Amino acid sequence: MNICKLKWVPALLLGFAQVICIGAPPANDDRQNAKSVGNVTDQAFNTTEATYDGPEDRLCMSGKNIWYCYTATCSGGATVSLCGSSFDTKLAVYDGCSSTPTSGNMLRCNDDFCDRQSQITFDAVAGQQYLIQVGGFGDNTGEGLISISCEGTAVTESDLGDAPDSTNNFGSNMTAYPKGGPSGVKAHYPTVYNDGSSTGPVGPIHLNPLAVAHLDQNITNENEADTGPDQDVFNNIKPQTNSPDNDKDDDGVIFPLNMPQCRWTTLDYIVNVIKPGTNLWVNVWCDWNRDGDWDDDSNTNQTLVCSKGIVSEWAVQNQYLINLPAGLNQLTSRAFLSWHPDNGSKEIWMRISLSEKPWTGGSDPGARGNGGSGPQDGYDIGETEDYYFIPGKSFLICEDYNGDGVINNEDLSAFTSDWLENCP
């Protein structure tokens, strides 16, 4: 059924009437009319004429959407997939079909899983209903395919990083620089939680990443960094083929990042608070000297020094977050000194960890690869993301001139005083 209306179109002094026809919204455009489904395979849909009626905070998606009400056919892992759709999709699943969808009852949100299409696996209970929101990234719409299945296997619930780690379950050396190269700088980043050796340092594992807060919108779960089931199909690192950086939902840090040589700088990141009221800590490590670890600071034998002072690879140290509201919170890190070698890799490995407790020295202090490690018993909540990128190095007038850890108007006074004292 099409909806047609008469529209007056001016043309110089004369005008003419034109009949404009648009397609009717799909039957499951409104949440109250969510389409009841069980397990389906490649069921067609079209969001072109849909409207938006999701949560007011638009936490997962902000464009046109349609709805399905899924009754779980088993207890265990249920998968909703939009793979094979013709546009850039987004997908969310909420607990229950009768309640108003909010950030509080959202079980999963996913943007890109299979190229630009979305897929979610969540822990279902047989006979219970789950509300499925199907839409697009931004204002993308189009024709798509939805598949829903329930396998009944346990769903992975933890999160780990994806930086290369030579202490893995396969005994394979991995390369830090260049990433995945046949030879180069050996990687000593602590990523694998349990490599079978019962010794540290251990990679940070977050046992309940969706319980309280995580970084930005999306997260993919895995039981271990290099073995076992993984929500986005591929293990975070594959030591057998020297392949790191495989976690699809590293999205918490806002790029591009500018890290000028021997200058104070900051970075912006996003924390997604699901249940407010829990104190959180953020830590960041940067491999400034590109030696394959995050160990170098004033407490090690290899200290990096520039004209501004000691440069620590533990760049952001226990930034304390308190009273963050529910939803997405864009935050700025404490100021830190950045540094780069004259020769070597332009790329750098960086780790950011969000957790419910501060970093107090790692799981094996003094051992190589301890920087950026997690506690022996793991973190309860939060998320760790690893990035391999080329930082900008241009000089910025906005820096922490007085060294108090923040960049504000007091730095202008310090800069002015320094300029008057030292400049002709």
# chains A, B, ... in the order shown; residues from 1 in each chain; ligands from 1

$ closest_atom_pairs --of "stretch 50-117 of chain A" --to "stretch 200-218 of chain A" --cutoff "7 Å" --atoms "only C-alpha atoms" --output "Markdown table"
| residue | atom | partner | partner_atom | distance |
| --- | --- | --- | --- | --- |
| A:Cys60 | CA | A:Gln217 | CA | 6.8 |
| A:Cys109 | CA | A:Asn218 | CA | 6.0 |
| A:Asn110 | CA | A:Asn218 | CA | 5.8 |

$ write_last_selection --atoms "N, CA and C atoms" --output "short mmCIF file (atom, residue, chain, number, x, y, z; two decimals), in the first residue's frame"
data_model
loop_
_atom_site.label_atom_id
_atom_site.label_comp_id
_atom_site.auth_asym_id
_atom_site.auth_seq_id
_atom_site.Cartn_x
_atom_site.Cartn_y
_atom_site.Cartn_z
N CYS A 60 21.84 2.89 21.27
CA CYS A 60 22.43 1.98 20.28
C CYS A 60 22.32 2.52 18.86
N CYS A 109 24.21 -4.63 21.98
CA CYS A 109 24.11 -3.74 20.83
C CYS A 109 25.31 -4.02 19.94
N ASN A 110 25.10 -4.07 18.63
CA ASN A 110 26.21 -4.33 17.71
C ASN A 110 26.06 -3.50 16.44
#

$ residues_around --residues "stretch 281-291 of chain A" --least-positions-apart "5" --cutoff "6 Å" --atoms "only C-alpha atoms" --output "compact mmCIF listing (two decimals) with C-alpha atoms, in the first residue's frame"
# COMPACT_ATOMS: atom_id res chain seq x y z
CA GLU A 313 54.76 4.08 29.50
CA TRP A 314 52.06 3.86 32.15
CA ALA A 315 50.70 7.05 30.63
CA VAL A 316 47.38 7.54 32.41
CA GLN A 317 47.64 6.28 35.97
CA ASN A 318 44.45 5.37 37.84
CA GLN A 319 42.17 8.13 36.59
CA TYR A 320 39.26 7.94 39.02
CA LEU A 321 35.73 8.21 37.66
CA TRP A 339 57.72 10.43 23.46
CA HIS A 340 58.93 8.80 20.24
CA PRO A 341 62.28 7.37 19.10
CA TRP A 349 50.74 -0.19 20.62
CA MET A 350 48.45 1.39 23.22
CA ARG A 351 46.20 -0.23 25.85
CA ILE A 352 43.28 1.33 27.73
CA SER A 353 41.62 -0.52 30.62
CA LEU A 354 38.42 0.36 32.47
CA SER A 355 37.92 -1.52 35.74
CA PRO A 358 42.96 0.75 40.50

$ select_by_dssp --residues "stretch 68-219 of chain A" --states "strand (DSSP E)" --output "PDB file with C-alpha atoms, in the first residue's frame"
ATOM      1  CA  TYR A  68      10.736  -8.278  16.320  1.00  0.00           C
ATOM      2  CA  CYS A  69       9.597 -10.165  19.415  1.00  0.00           C
ATOM      3  CA  TYR A  70      11.573 -13.396  19.681  1.00  0.00           C
ATOM      4  CA  THR A  71      10.444 -16.307  21.857  1.00  0.00           C
ATOM      5  CA  GLY A  76      21.742 -20.913  26.156  1.00  0.00           C
ATOM      6  CA  GLY A  77      23.260 -18.962  23.304  1.00  0.00           C
ATOM      7  CA  ALA A  78      20.782 -17.358  20.885  1.00  0.00           C
ATOM      8  CA  THR A  79      22.121 -15.563  17.803  1.00  0.00           C
ATOM      9  CA  VAL A  80      20.439 -12.785  15.830  1.00  0.00           C
ATOM     10  CA  SER A  81      22.195 -12.024  12.542  1.00  0.00           C
ATOM     11  CA  THR A  89      23.016  -2.076   9.841  1.00  0.00           C
ATOM     12  CA  LYS A  90      22.781  -1.810  13.628  1.00  0.00           C
ATOM     13  CA  LEU A  91      21.142  -4.284  15.972  1.00  0.00           C
ATOM     14  CA  ALA A  92      19.991  -4.338  19.611  1.00  0.00           C
ATOM     15  CA  VAL A  93      18.359  -6.955  21.840  1.00  0.00           C
ATOM     16  CA  TYR A  94      16.340  -6.118  24.971  1.00  0.00           C
ATOM     17  CA  ASP A  95      15.094  -8.313  27.802  1.00  0.00           C
ATOM     18  CA  MET A 106      19.401  -3.718  26.728  1.00  0.00           C
ATOM     19  CA  LEU A 107      21.293  -7.020  26.561  1.00  0.00           C
ATOM     20  CA  ARG A 108      23.477  -6.335  23.531  1.00  0.00           C
ATOM     21  CA  CYS A 109      24.112  -3.736  20.832  1.00  0.00           C
ATOM     22  CA  ASN A 110      26.207  -4.333  17.708  1.00  0.00           C
ATOM     23  CA  GLN A 119      25.191  -9.875  14.691  1.00  0.00           C
ATOM     24  CA  ILE A 120      24.521 -10.528  18.385  1.00  0.00           C
ATOM     25  CA  THR A 121      24.754 -13.644  20.547  1.00  0.00           C
ATOM     26  CA  PHE A 122      23.075 -13.440  23.938  1.00  0.00           C
ATOM     27  CA  ASP A 123      22.168 -15.771  26.801  1.00  0.00           C
ATOM     28  CA  ALA A 124      18.519 -16.791  26.344  1.00  0.00           C
ATOM     29  CA  GLN A 129      10.689 -13.254  25.019  1.00  0.00           C
ATOM     30  CA  TYR A 130      13.296 -10.818  23.749  1.00  0.00           C
ATOM     31  CA  LEU A 131      12.728  -7.569  21.863  1.00  0.00           C
ATOM     32  CA  ILE A 132      14.902  -7.129  18.769  1.00  0.00           C
ATOM     33  CA  GLN A 133      15.523  -3.676  17.280  1.00  0.00           C
ATOM     34  CA  VAL A 134      16.742  -3.601  13.676  1.00  0.00           C
ATOM     35  CA  GLY A 135      18.020  -0.380  12.132  1.00  0.00           C
ATOM     36  CA  GLY A 136      20.967   1.252  10.433  1.00  0.00           C
ATOM     37  CA  GLU A 143      16.584  -4.168   2.367  1.00  0.00           C
ATOM     38  CA  GLY A 144      17.953  -6.806   4.685  1.00  0.00           C
ATOM     39  CA  LEU A 145      17.855 -10.361   5.937  1.00  0.00           C
ATOM     40  CA  ILE A 146      17.389 -11.476   9.534  1.00  0.00           C
ATOM     41  CA  SER A 147      18.272 -14.915  10.887  1.00  0.00           C
ATOM     42  CA  ILE A 148      17.639 -16.103  14.453  1.00  0.00           C
ATOM     43  CA  SER A 149      18.846 -19.369  15.930  1.00  0.00           C
ATOM     44  CA  CYS A 150      19.299 -20.901  19.379  1.00  0.00           C
ATOM     45  CA  THR A 175      55.752  -9.677  16.566  1.00  0.00           C
ATOM     46  CA  ALA A 176      55.048  -6.219  17.986  1.00  0.00           C
ATOM     47  CA  TYR A 177      56.636  -4.172  15.185  1.00  0.00           C
ATOM     48  CA  VAL A 185      60.451  -6.678  17.594  1.00  0.00           C
ATOM     49  CA  LYS A 186      59.174  -9.519  19.796  1.00  0.00           C
ATOM     50  CA  ALA A 213      30.180  -0.195  32.488  1.00  0.00           C
ATOM     51  CA  HIS A 214      32.386  -0.695  29.450  1.00  0.00           C
ATOM     52  CA  LEU A 215      34.050   1.406  26.758  1.00  0.00           C
TER      53      LEU A 215
END

$ closest_residue --among "A:Leu59, A:Ala414, A:Ala34, A:Ala163" --to "A:Gly327" --atoms "only C-alpha atoms"
A:Leu59

$ residues_around --residues "A:Leu331" --least-positions-apart "2" --cutoff "9 Å" --atoms "only C-alpha atoms" --output "NGL selection string"
:A and (267-271 or 329 or 333)

$ residues_around --residues "A:Ala72" --least-positions-apart "3" --cutoff "6 Å" --atoms "only C-alpha atoms" --output "PyMOL selection string"
chain A and resi 126-128

$ residues_around --residues "A:Pro256" --least-positions-apart "2" --cutoff "8 Å" --atoms "only C-alpha atoms" --output "PDB file with C-alpha atoms, in the first residue's frame"
ATOM      1  CA  ILE A 254      38.339   8.867  19.994  1.00  0.00           C
ATOM      2  CA  ASN A 258      47.986  13.764  18.703  1.00  0.00           C
ATOM      3  CA  PRO A 391      49.976   8.989  16.389  1.00  0.00           C
ATOM      4  CA  GLY A 392      50.098  12.587  15.236  1.00  0.00           C
TER       5      GLY A 392
END

$ closest_residue --among "A:Ile237, A:Ile66, A:Cys97, A:Val125" --to "A:Ser172" --atoms "only C-alpha atoms"
A:Ile237

$ atom_distance --atom1 "atom CA of A:Gln240" --atom2 "atom CA of A:Gly362"
26.7 Å

$ closest_residue --among "A:Ala187, A:Val37, A:Leu304, A:Leu160" --to "A:Asn173" --atoms "only C-alpha atoms"
A:Ala187

$ closest_residue --among "A:Leu324, A:Leu420, A:Leu280, A:Cys262" --to "A:Asp400" --atoms "only C-alpha atoms"
A:Cys262

$ closest_residue --among "A:Gly292, A:Pro239, A:Pro375, A:Gly138" --to "A:Tyr189" --atoms "only C-alpha atoms"
A:Gly292

$ atom_distance --atom1 "atom CA of A:Glu49" --atom2 "atom CA of A:Ser85"
16.2 Å

$ closest_residue --among "A:Phe113, A:Tyr388, A:Phe170, A:Phe87" --to "A:Gly196" --atoms "only C-alpha atoms"
A:Phe170

$ decode --residues "stretch 250-403 of chain A" --atoms "C-alpha atoms" --output "compact mmCIF listing (two decimals), in the first residue's frame"
# COMPACT_ATOMS: atom_id res chain seq x y z
CA ASP A 250 37.59 -1.69 20.04
CA ASP A 251 35.74 1.61 19.89
CA GLY A 252 36.30 3.45 23.17
CA VAL A 253 39.10 5.87 22.20
CA ILE A 254 38.34 8.87 19.99
CA PHE A 255 40.73 9.24 17.06
CA PRO A 256 42.85 10.82 15.67
CA LEU A 257 45.29 11.10 18.58
CA ASN A 258 47.99 13.76 18.70
CA MET A 259 51.07 12.85 20.73
CA PRO A 260 53.82 15.44 20.09
CA GLN A 261 57.44 14.62 20.96
CA CYS A 262 58.21 15.39 24.62
CA ARG A 263 54.98 17.33 25.13
CA TRP A 264 52.05 17.05 27.50
CA THR A 265 48.91 15.79 25.80
CA THR A 266 45.58 14.10 26.51
CA LEU A 267 43.20 11.68 24.83
CA ASP A 268 39.39 11.48 24.78
CA TYR A 269 37.49 8.26 25.38
CA ILE A 270 33.90 7.12 25.94
CA VAL A 271 32.58 5.17 28.91
CA ASN A 272 29.19 3.49 28.59
CA VAL A 273 27.59 3.32 32.04
CA ILE A 274 24.88 0.67 32.35
CA LYS A 275 24.35 0.78 36.12
CA PRO A 276 25.44 4.04 37.79
CA GLY A 277 26.87 4.15 41.28
CA THR A 278 30.06 2.08 40.91
CA ASN A 279 33.45 3.76 41.14
CA LEU A 280 35.65 3.18 38.11
CA TRP A 281 39.31 3.55 37.19
CA VAL A 282 40.92 4.11 33.80
CA ASN A 283 44.54 3.30 32.92
CA VAL A 284 46.43 3.76 29.66
CA TRP A 285 49.78 2.30 28.57
CA CYS A 286 51.80 3.40 25.50
CA ASP A 287 54.89 1.63 24.14
CA TRP A 288 56.82 4.87 23.61
CA ASN A 289 60.19 3.30 22.78
CA ARG A 290 58.64 0.58 20.60
CA ASP A 291 60.45 -2.27 22.37
CA GLY A 292 57.43 -4.58 22.60
CA ASP A 293 56.33 -3.97 26.19
CA TRP A 294 54.67 -1.35 28.41
CA ASP A 295 57.19 -1.74 31.24
CA ASP A 296 59.34 1.39 30.96
CA ASP A 297 58.92 4.03 33.66
CA SER A 298 60.76 5.41 36.68
CA ASN A 299 60.43 2.05 38.47
CA THR A 300 62.36 0.08 35.84
CA ASN A 301 65.93 -0.04 34.61
CA GLN A 302 64.96 1.51 31.31
CA THR A 303 63.76 5.04 32.01
CA LEU A 304 62.68 7.38 29.24
CA VAL A 305 63.67 11.01 29.84
CA CYS A 306 63.13 14.17 27.82
CA SER A 307 63.45 17.89 28.55
CA LYS A 308 60.02 17.92 30.22
CA GLY A 309 60.92 15.11 32.63
CA ILE A 310 60.52 11.33 32.98
CA VAL A 311 58.23 9.75 30.40
CA SER A 312 56.26 6.78 31.71
CA GLU A 313 54.76 4.08 29.50
CA TRP A 314 52.06 3.86 32.15
CA ALA A 315 50.70 7.05 30.63
CA VAL A 316 47.38 7.54 32.41
CA GLN A 317 47.64 6.28 35.97
CA ASN A 318 44.45 5.37 37.84
CA GLN A 319 42.17 8.13 36.59
CA TYR A 320 39.26 7.94 39.02
CA LEU A 321 35.73 8.21 37.66
CA ILE A 322 32.89 8.85 40.07
CA ASN A 323 29.16 9.53 39.75
CA LEU A 324 28.97 9.05 35.98
CA PRO A 325 25.37 9.02 34.74
CA ALA A 326 23.88 6.16 32.74
CA GLY A 327 24.63 6.19 29.03
CA LEU A 328 27.60 7.36 26.98
CA ASN A 329 30.04 9.68 28.74
CA GLN A 330 32.82 11.37 26.74
CA LEU A 331 35.78 11.98 29.01
CA THR A 332 39.29 13.45 28.74
CA SER A 333 42.27 11.68 30.26
CA ARG A 334 44.77 13.23 32.60
CA ALA A 335 47.63 14.91 30.80
CA PHE A 336 50.68 12.73 30.11
CA LEU A 337 54.09 13.17 28.47
CA SER A 338 54.45 11.54 25.05
CA TRP A 339 57.72 10.43 23.46
CA HIS A 340 58.93 8.80 20.24
CA PRO A 341 62.28 7.37 19.10
CA ASP A 342 64.18 9.03 16.27
CA ASN A 343 64.18 5.77 14.32
CA GLY A 344 61.97 2.72 14.31
CA SER A 345 58.26 2.12 13.98
CA LYS A 346 55.89 5.02 13.42
CA GLU A 347 53.10 2.81 14.73
CA ILE A 348 52.58 2.33 18.45
CA TRP A 349 50.74 -0.19 20.62
CA MET A 350 48.45 1.39 23.22
CA ARG A 351 46.20 -0.23 25.85
CA ILE A 352 43.28 1.33 27.73
CA SER A 353 41.62 -0.52 30.62
CA LEU A 354 38.42 0.36 32.47
CA SER A 355 37.92 -1.52 35.74
CA GLU A 356 36.36 -1.43 39.18
CA LYS A 357 39.68 -1.15 40.99
CA PRO A 358 42.96 0.75 40.50
CA TRP A 359 46.09 -0.76 38.95
CA THR A 360 48.52 -1.44 41.78
CA GLY A 361 51.55 -2.87 40.00
CA GLY A 362 50.29 -5.76 37.94
CA SER A 363 50.31 -9.52 38.46
CA ASP A 364 54.10 -10.08 38.30
CA PRO A 365 56.05 -6.90 39.17
CA GLY A 366 59.59 -6.95 37.81
CA ALA A 367 58.87 -9.50 35.09
CA ARG A 368 59.04 -8.40 31.50
CA GLY A 369 55.57 -7.80 30.11
CA ASN A 370 54.09 -6.85 33.47
CA GLY A 371 53.08 -3.36 32.32
CA GLY A 372 49.38 -3.39 31.42
CA SER A 373 48.79 -6.78 33.06
CA GLY A 374 45.70 -7.63 35.08
CA PRO A 375 45.20 -9.06 38.57
CA GLN A 376 45.58 -12.81 39.12
CA ASP A 377 41.87 -13.20 39.84
CA GLY A 378 40.81 -10.89 36.99
CA TYR A 379 38.62 -7.81 36.97
CA ASP A 380 34.93 -8.19 37.71
CA ILE A 381 33.68 -5.51 35.30
CA GLY A 382 34.94 -3.12 32.61
CA GLU A 383 36.80 -3.65 29.36
CA THR A 384 40.31 -3.60 27.90
CA GLU A 385 40.98 -2.32 24.37
CA ASP A 386 44.29 -2.39 22.48
CA TYR A 387 45.17 -0.13 19.55
CA TYR A 388 47.91 -0.18 16.88
CA PHE A 389 48.10 3.19 15.13
CA ILE A 390 50.31 6.06 13.97
CA PRO A 391 49.98 8.99 16.39
CA GLY A 392 50.10 12.59 15.24
CA LYS A 393 53.21 14.45 16.36
CA SER A 394 52.40 18.06 15.49
CA PHE A 395 53.09 20.69 18.15
CA LEU A 396 49.98 21.97 19.87
CA ILE A 397 49.75 25.26 21.78
CA CYS A 398 47.25 23.55 24.10
CA GLU A 399 49.35 21.54 26.54
CA ASP A 400 49.88 21.13 30.27
CA TYR A 401 52.50 23.87 30.76
CA ASN A 402 52.36 23.86 34.56
CA GLY A 403 52.44 20.06 34.85
